[in-house]
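Chemist: Here you go, one structure.
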Amino acid sequence: MSTTTTEITEEIQEQLNLSAVLMENFRKNIKHDSWFGLDPENENHKYLAKKLLKTYDIKSARELRNSVYAYEIIRKTSNNFRNIACKLRIYSEDEYNSLLDNQKYSIDRNYYRIVWPHRFSLFRTSLAGYDLAMAIFLLRMGGAAGFINETEMELRLADITASIKKDFNDWDSFHENVLIGHQFMTANMAPDVAFYANSEQSALQSLRYLKIINPHWFTQW
């Protein structure tokens, strides 16, 4: 990996760890204790980062910042989740079952099934943890692709972390939200599925693995 110009303090490492599950789920040999997880001076790493970003229609620094804005400020995943939750909050169980029966596509049926048990408990926070973790994840990939530098990363990381700490009181509740967001985005009733086609493990397996290899992580909030 390239030598960083900005030291990664313990505080910054904890902030970077907010994206650790998504980073690990993307690629097993991610270097978590670096700014971007991949080396922007390594052409193979830069290629991997750019290839990943293209799946989100990100091909430039401007498009990266626009996408991060959509997750961090607009909370795009949270809004989709909350819209379904709003609908389901006024349904009785019989009406909910009828709604499922009337769905033409299984993916729509799964969205309702995933949201139903969380329609009250996650109505306020929605999938804020997932959205903000995604914002950090995309920033780190953007750094590896050469779209942003460490200085911008540090500023944005502190800002996003402050938002996360407002909505969550501990690592467990934050990670639970990230995993539910992952399940919602896959629209799969099995929560233990991989998000990326080349993933060697699911997000849940990624979290368990990280807790084993870094037992001191995810303890102090």
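Simple scheme: letters A, B, ... for chains in structure tokens order, numbers from 1 for residues in each chain, numbers from 1 for ligands in the order shown.
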Neighbouring residues of Thr6 (chain A) were defined as those with any atom within 12 Å, considering only C-alpha atoms; residues of the same chain fewer than 5 positions away were excluded. Please report them as a list of chain:residue names.
Modeler: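 Contacts, in chain order: A:Ile12, A:Ser34, A:Trp35, A:Asn149, A:Glu150, A:Thr151, A:Glu152, A:Met153, A:Glu154, A:Leu155.
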Chemist: I want to know what sits within 8 Å of Met189 (chain A), based on only C-alpha atoms, with residues of the same chain fewer than 5 positions away left out; could you give that as a ChimeraX atom specification?
Modeler: /A:110,113-114,183
Chemist: Which residues of region 105-205 of chain A come within 10 Å of region 56-62 of chain A, and for each one, what is the closest pair of atoms and their distance in Å to one decimal, counting only C-alpha atoms, sorted by chain and residue number, as JSON lines?
Modeler:
```
{"residue": "A:Leu138", "atom": "CA", "partner": "A:Tyr56", "partner_atom": "CA", "distance": 9.2}
{"residue": "A:Leu139", "atom": "CA", "partner": "A:Ala61", "partner_atom": "CA", "distance": 9.9}
{"residue": "A:Gly142", "atom": "CA", "partner": "A:Ala61", "partner_atom": "CA", "distance": 7.5}
{"residue": "A:Gly143", "atom": "CA", "partner": "A:Ala61", "partner_atom": "CA", "distance": 9.4}
{"residue": "A:Ala145", "atom": "CA", "partner": "A:Ser60", "partner_atom": "CA", "distance": 9.2}
{"residue": "A:Gly146", "atom": "CA", "partner": "A:Ala61", "partner_atom": "CA", "distance": 8.3}
{"residue": "A:Phe147", "atom": "CA", "partner": "A:Ala61", "partner_atom": "CA", "distance": 4.7}
{"residue": "A:Ile148", "atom": "CA", "partner": "A:Ala61", "partner_atom": "CA", "distance": 6.8}
```
Chemist: Would you write out those residues with C-alpha atoms, as a compact mmCIF listing (two decimals), in the first residue's frame?
Modeler:
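Resulting contents of part-v9.txt:
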```
# COMPACT_ATOMS: atom_id res chain seq x y z
CA LEU A 138 -18.33 4.83 -1.71
CA LEU A 139 -15.94 7.52 -0.48
CA GLY A 142 -13.64 6.84 -4.65
CA GLY A 143 -10.34 7.47 -2.92
CA ALA A 145 -10.09 5.25 -7.73
CA GLY A 146 -8.28 8.57 -7.37
CA PHE A 147 -11.41 10.74 -7.23
CA ILE A 148 -10.80 12.21 -3.76
```
Chemist: So how many Å separate CA of Ile160 (chain A) and CA of Asn44 (chain A), to one decimal?
Modeler: 28.6 Å
Chemist: Closest to Gln13 (chain A) among A:Phe36, A:Tyr112, A:Tyr105, A:Phe120, using only C-alpha atoms?
Modeler: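 When distances to Gln13 (chain A) are compared using only C-alpha atoms, the smallest one comes from A:Phe36.
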Chemist: For the structure I just gave you, how does DSSP split region 5-83 of chain A - specifically, which residues are helix (DSSP H, G or I)? Reply as a PDB file with C-alpha atoms, in the first residue's frame.
Modeler:
```
ATOM      1  CA  GLU A  10      -7.499   5.534  16.747  1.00  0.00           C
ATOM      2  CA  GLU A  11     -10.481   7.875  16.351  1.00  0.00           C
ATOM      3  CA  ILE A  12     -10.218   7.873  12.561  1.00  0.00           C
ATOM      4  CA  GLN A  13      -9.882   4.085  12.514  1.00  0.00           C
ATOM      5  CA  GLU A  14     -13.136   3.792  14.467  1.00  0.00           C
ATOM      6  CA  GLN A  15     -14.766   6.079  11.909  1.00  0.00           C
ATOM      7  CA  LEU A  16     -13.435   4.007   9.018  1.00  0.00           C
ATOM      8  CA  ASN A  17     -14.750   0.895  10.757  1.00  0.00           C
ATOM      9  CA  LEU A  18     -18.291   2.159  10.173  1.00  0.00           C
ATOM     10  CA  SER A  19     -17.880   0.895   6.612  1.00  0.00           C
ATOM     11  CA  ALA A  20     -15.950  -2.258   7.555  1.00  0.00           C
ATOM     12  CA  VAL A  21     -18.811  -4.715   6.992  1.00  0.00           C
ATOM     13  CA  LEU A  22     -19.529  -3.381   3.505  1.00  0.00           C
ATOM     14  CA  MET A  23     -15.822  -3.217   2.687  1.00  0.00           C
ATOM     15  CA  GLU A  24     -15.225  -6.788   3.840  1.00  0.00           C
ATOM     16  CA  ASN A  25     -18.307  -7.989   1.982  1.00  0.00           C
ATOM     17  CA  PHE A  26     -16.957  -6.421  -1.210  1.00  0.00           C
ATOM     18  CA  GLU A  43      -3.347  -0.030 -10.994  1.00  0.00           C
ATOM     19  CA  ASN A  44      -5.118  -3.313 -10.238  1.00  0.00           C
ATOM     20  CA  HIS A  45      -6.645  -1.844  -7.090  1.00  0.00           C
ATOM     21  CA  LYS A  46      -7.653   1.317  -8.926  1.00  0.00           C
ATOM     22  CA  TYR A  47      -9.300  -0.820 -11.615  1.00  0.00           C
ATOM     23  CA  LEU A  48     -11.266  -2.779  -8.990  1.00  0.00           C
ATOM     24  CA  ALA A  49     -12.467   0.435  -7.346  1.00  0.00           C
ATOM     25  CA  LYS A  50     -13.523   2.023 -10.638  1.00  0.00           C
ATOM     26  CA  LYS A  51     -15.277  -1.170 -11.721  1.00  0.00           C
ATOM     27  CA  LEU A  52     -17.250  -1.223  -8.474  1.00  0.00           C
ATOM     28  CA  LEU A  53     -18.146   2.458  -8.742  1.00  0.00           C
ATOM     29  CA  LYS A  54     -19.423   1.986 -12.291  1.00  0.00           C
ATOM     30  CA  ALA A  61     -15.307  12.774  -8.850  1.00  0.00           C
ATOM     31  CA  ARG A  62     -18.469  14.835  -9.405  1.00  0.00           C
ATOM     32  CA  GLU A  63     -20.609  11.722  -9.803  1.00  0.00           C
ATOM     33  CA  LEU A  64     -19.026  10.286  -6.655  1.00  0.00           C
ATOM     34  CA  ARG A  65     -19.940  13.369  -4.632  1.00  0.00           C
ATOM     35  CA  ASN A  66     -23.467  13.348  -6.052  1.00  0.00           C
ATOM     36  CA  SER A  67     -23.921   9.708  -5.089  1.00  0.00           C
ATOM     37  CA  VAL A  68     -22.537  10.262  -1.587  1.00  0.00           C
ATOM     38  CA  TYR A  69     -24.969  13.170  -1.216  1.00  0.00           C
ATOM     39  CA  ALA A  70     -27.840  10.868  -2.176  1.00  0.00           C
ATOM     40  CA  TYR A  71     -26.927   8.438   0.597  1.00  0.00           C
ATOM     41  CA  GLU A  72     -25.750  10.883   3.261  1.00  0.00           C
ATOM     42  CA  LYS A  76     -32.199   7.271  -0.651  1.00  0.00           C
ATOM     43  CA  THR A  77     -32.472   3.758   0.803  1.00  0.00           C
ATOM     44  CA  SER A  78     -34.166   5.045   3.948  1.00  0.00           C
ATOM     45  CA  ASN A  79     -36.756   6.926   1.929  1.00  0.00           C
ATOM     46  CA  ASN A  80     -37.688   3.837  -0.060  1.00  0.00           C
ATOM     47  CA  PHE A  81     -37.905   1.784   3.124  1.00  0.00           C
ATOM     48  CA  ARG A  82     -39.967   4.432   4.947  1.00  0.00           C
ATOM     49  CA  ASN A  83     -42.418   4.807   2.058  1.00  0.00           C
TER      50      ASN A  83
END
```
Chemist: What does the distance between CA of Ser106 (chain A) and CA of Ile84 (chain A) come to in Å, to one decimal place?
Modeler: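 Straight-line distance from CA of Ser106 (chain A) to CA of Ile84 (chain A) works out to 15.5 Å.
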Chemist: So that I can see what lies close to Cys86 (chain A), please list as a PyMOL selection string the residues with an atom at most 8 Å from it, counting only C-alpha atoms and leaving out residues fewer than 4 positions away in the same chain.
Modeler: chain A and resi 82+90+119+123
Chemist: Go ahead and write the residues just picked, C-alpha atoms, as an mmCIF file, in the first residue's frame.
Modeler:
```
data_model
loop_
_atom_site.group_PDB
_atom_site.id
_atom_site.type_symbol
_atom_site.label_atom_id
_atom_site.label_comp_id
_atom_site.auth_asym_id
_atom_site.auth_seq_id
_atom_site.Cartn_x
_atom_site.Cartn_y
_atom_site.Cartn_z
ATOM 1 C CA ARG A 82 -39.967 4.432 4.947
ATOM 2 C CA ILE A 90 -52.119 1.307 8.581
ATOM 3 C CA ARG A 119 -42.612 -0.902 10.129
ATOM 4 C CA PHE A 123 -39.929 4.154 11.158
#
```
Chemist: Skip Phe168 (chain A) itself and residues of its chain fewer than 4 positions away, then list as a list in words all residues within 10 Å of it, counting only C-alpha atoms.
Modeler: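 In the requested form, the answer reads Thr125, Ala128, Gly129, Ser163, Ile164, Asp172, Ser173, Phe174, His175, Asn177 and Trp221 of chain A.
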Chemist: Kindly save the residues from that selection, with N, CA and C atoms included, as a PDB file, in the first residue's frame.
Modeler:
```
ATOM      1  N   THR A 125     -35.667   5.991  12.418  1.00  0.00           N
ATOM      2  CA  THR A 125     -34.298   5.916  11.892  1.00  0.00           C
ATOM      3  C   THR A 125     -34.258   5.331  10.491  1.00  0.00           C
ATOM      4  N   ALA A 128     -30.970   4.493   8.162  1.00  0.00           N
ATOM      5  CA  ALA A 128     -29.928   5.521   8.223  1.00  0.00           C
ATOM      6  C   ALA A 128     -28.542   4.914   8.358  1.00  0.00           C
ATOM      7  N   GLY A 129     -28.423   3.854   9.153  1.00  0.00           N
ATOM      8  CA  GLY A 129     -27.119   3.222   9.332  1.00  0.00           C
ATOM      9  C   GLY A 129     -26.569   2.693   8.027  1.00  0.00           C
ATOM     10  N   SER A 163     -23.352  12.184  12.246  1.00  0.00           N
ATOM     11  CA  SER A 163     -24.746  11.849  11.933  1.00  0.00           C
ATOM     12  C   SER A 163     -25.103  10.460  12.445  1.00  0.00           C
ATOM     13  N   ILE A 164     -24.189   9.514  12.287  1.00  0.00           N
ATOM     14  CA  ILE A 164     -24.450   8.145  12.746  1.00  0.00           C
ATOM     15  C   ILE A 164     -24.621   8.112  14.256  1.00  0.00           C
ATOM     16  N   ASP A 172     -23.945  -2.565  18.032  1.00  0.00           N
ATOM     17  CA  ASP A 172     -24.901  -3.631  17.703  1.00  0.00           C
ATOM     18  C   ASP A 172     -26.105  -3.088  16.943  1.00  0.00           C
ATOM     19  N   SER A 173     -26.680  -1.980  17.434  1.00  0.00           N
ATOM     20  CA  SER A 173     -27.851  -1.412  16.755  1.00  0.00           C
ATOM     21  C   SER A 173     -27.470  -0.866  15.383  1.00  0.00           C
ATOM     22  N   PHE A 174     -26.274  -0.305  15.280  1.00  0.00           N
ATOM     23  CA  PHE A 174     -25.811   0.195  13.985  1.00  0.00           C
ATOM     24  C   PHE A 174     -25.634  -0.951  12.995  1.00  0.00           C
ATOM     25  N   HIS A 175     -24.952  -2.001  13.412  1.00  0.00           N
ATOM     26  CA  HIS A 175     -24.723  -3.132  12.513  1.00  0.00           C
ATOM     27  C   HIS A 175     -26.027  -3.829  12.138  1.00  0.00           C
ATOM     28  N   ASN A 177     -28.829  -2.405  11.690  1.00  0.00           N
ATOM     29  CA  ASN A 177     -29.421  -1.556  10.664  1.00  0.00           C
ATOM     30  C   ASN A 177     -28.734  -1.757   9.319  1.00  0.00           C
ATOM     31  N   TRP A 221     -18.278   2.705  21.630  1.00  0.00           N
ATOM     32  CA  TRP A 221     -19.056   3.518  20.691  1.00  0.00           C
ATOM     33  C   TRP A 221     -18.753   4.995  20.910  1.00  0.00           C
TER      34      TRP A 221
END
```
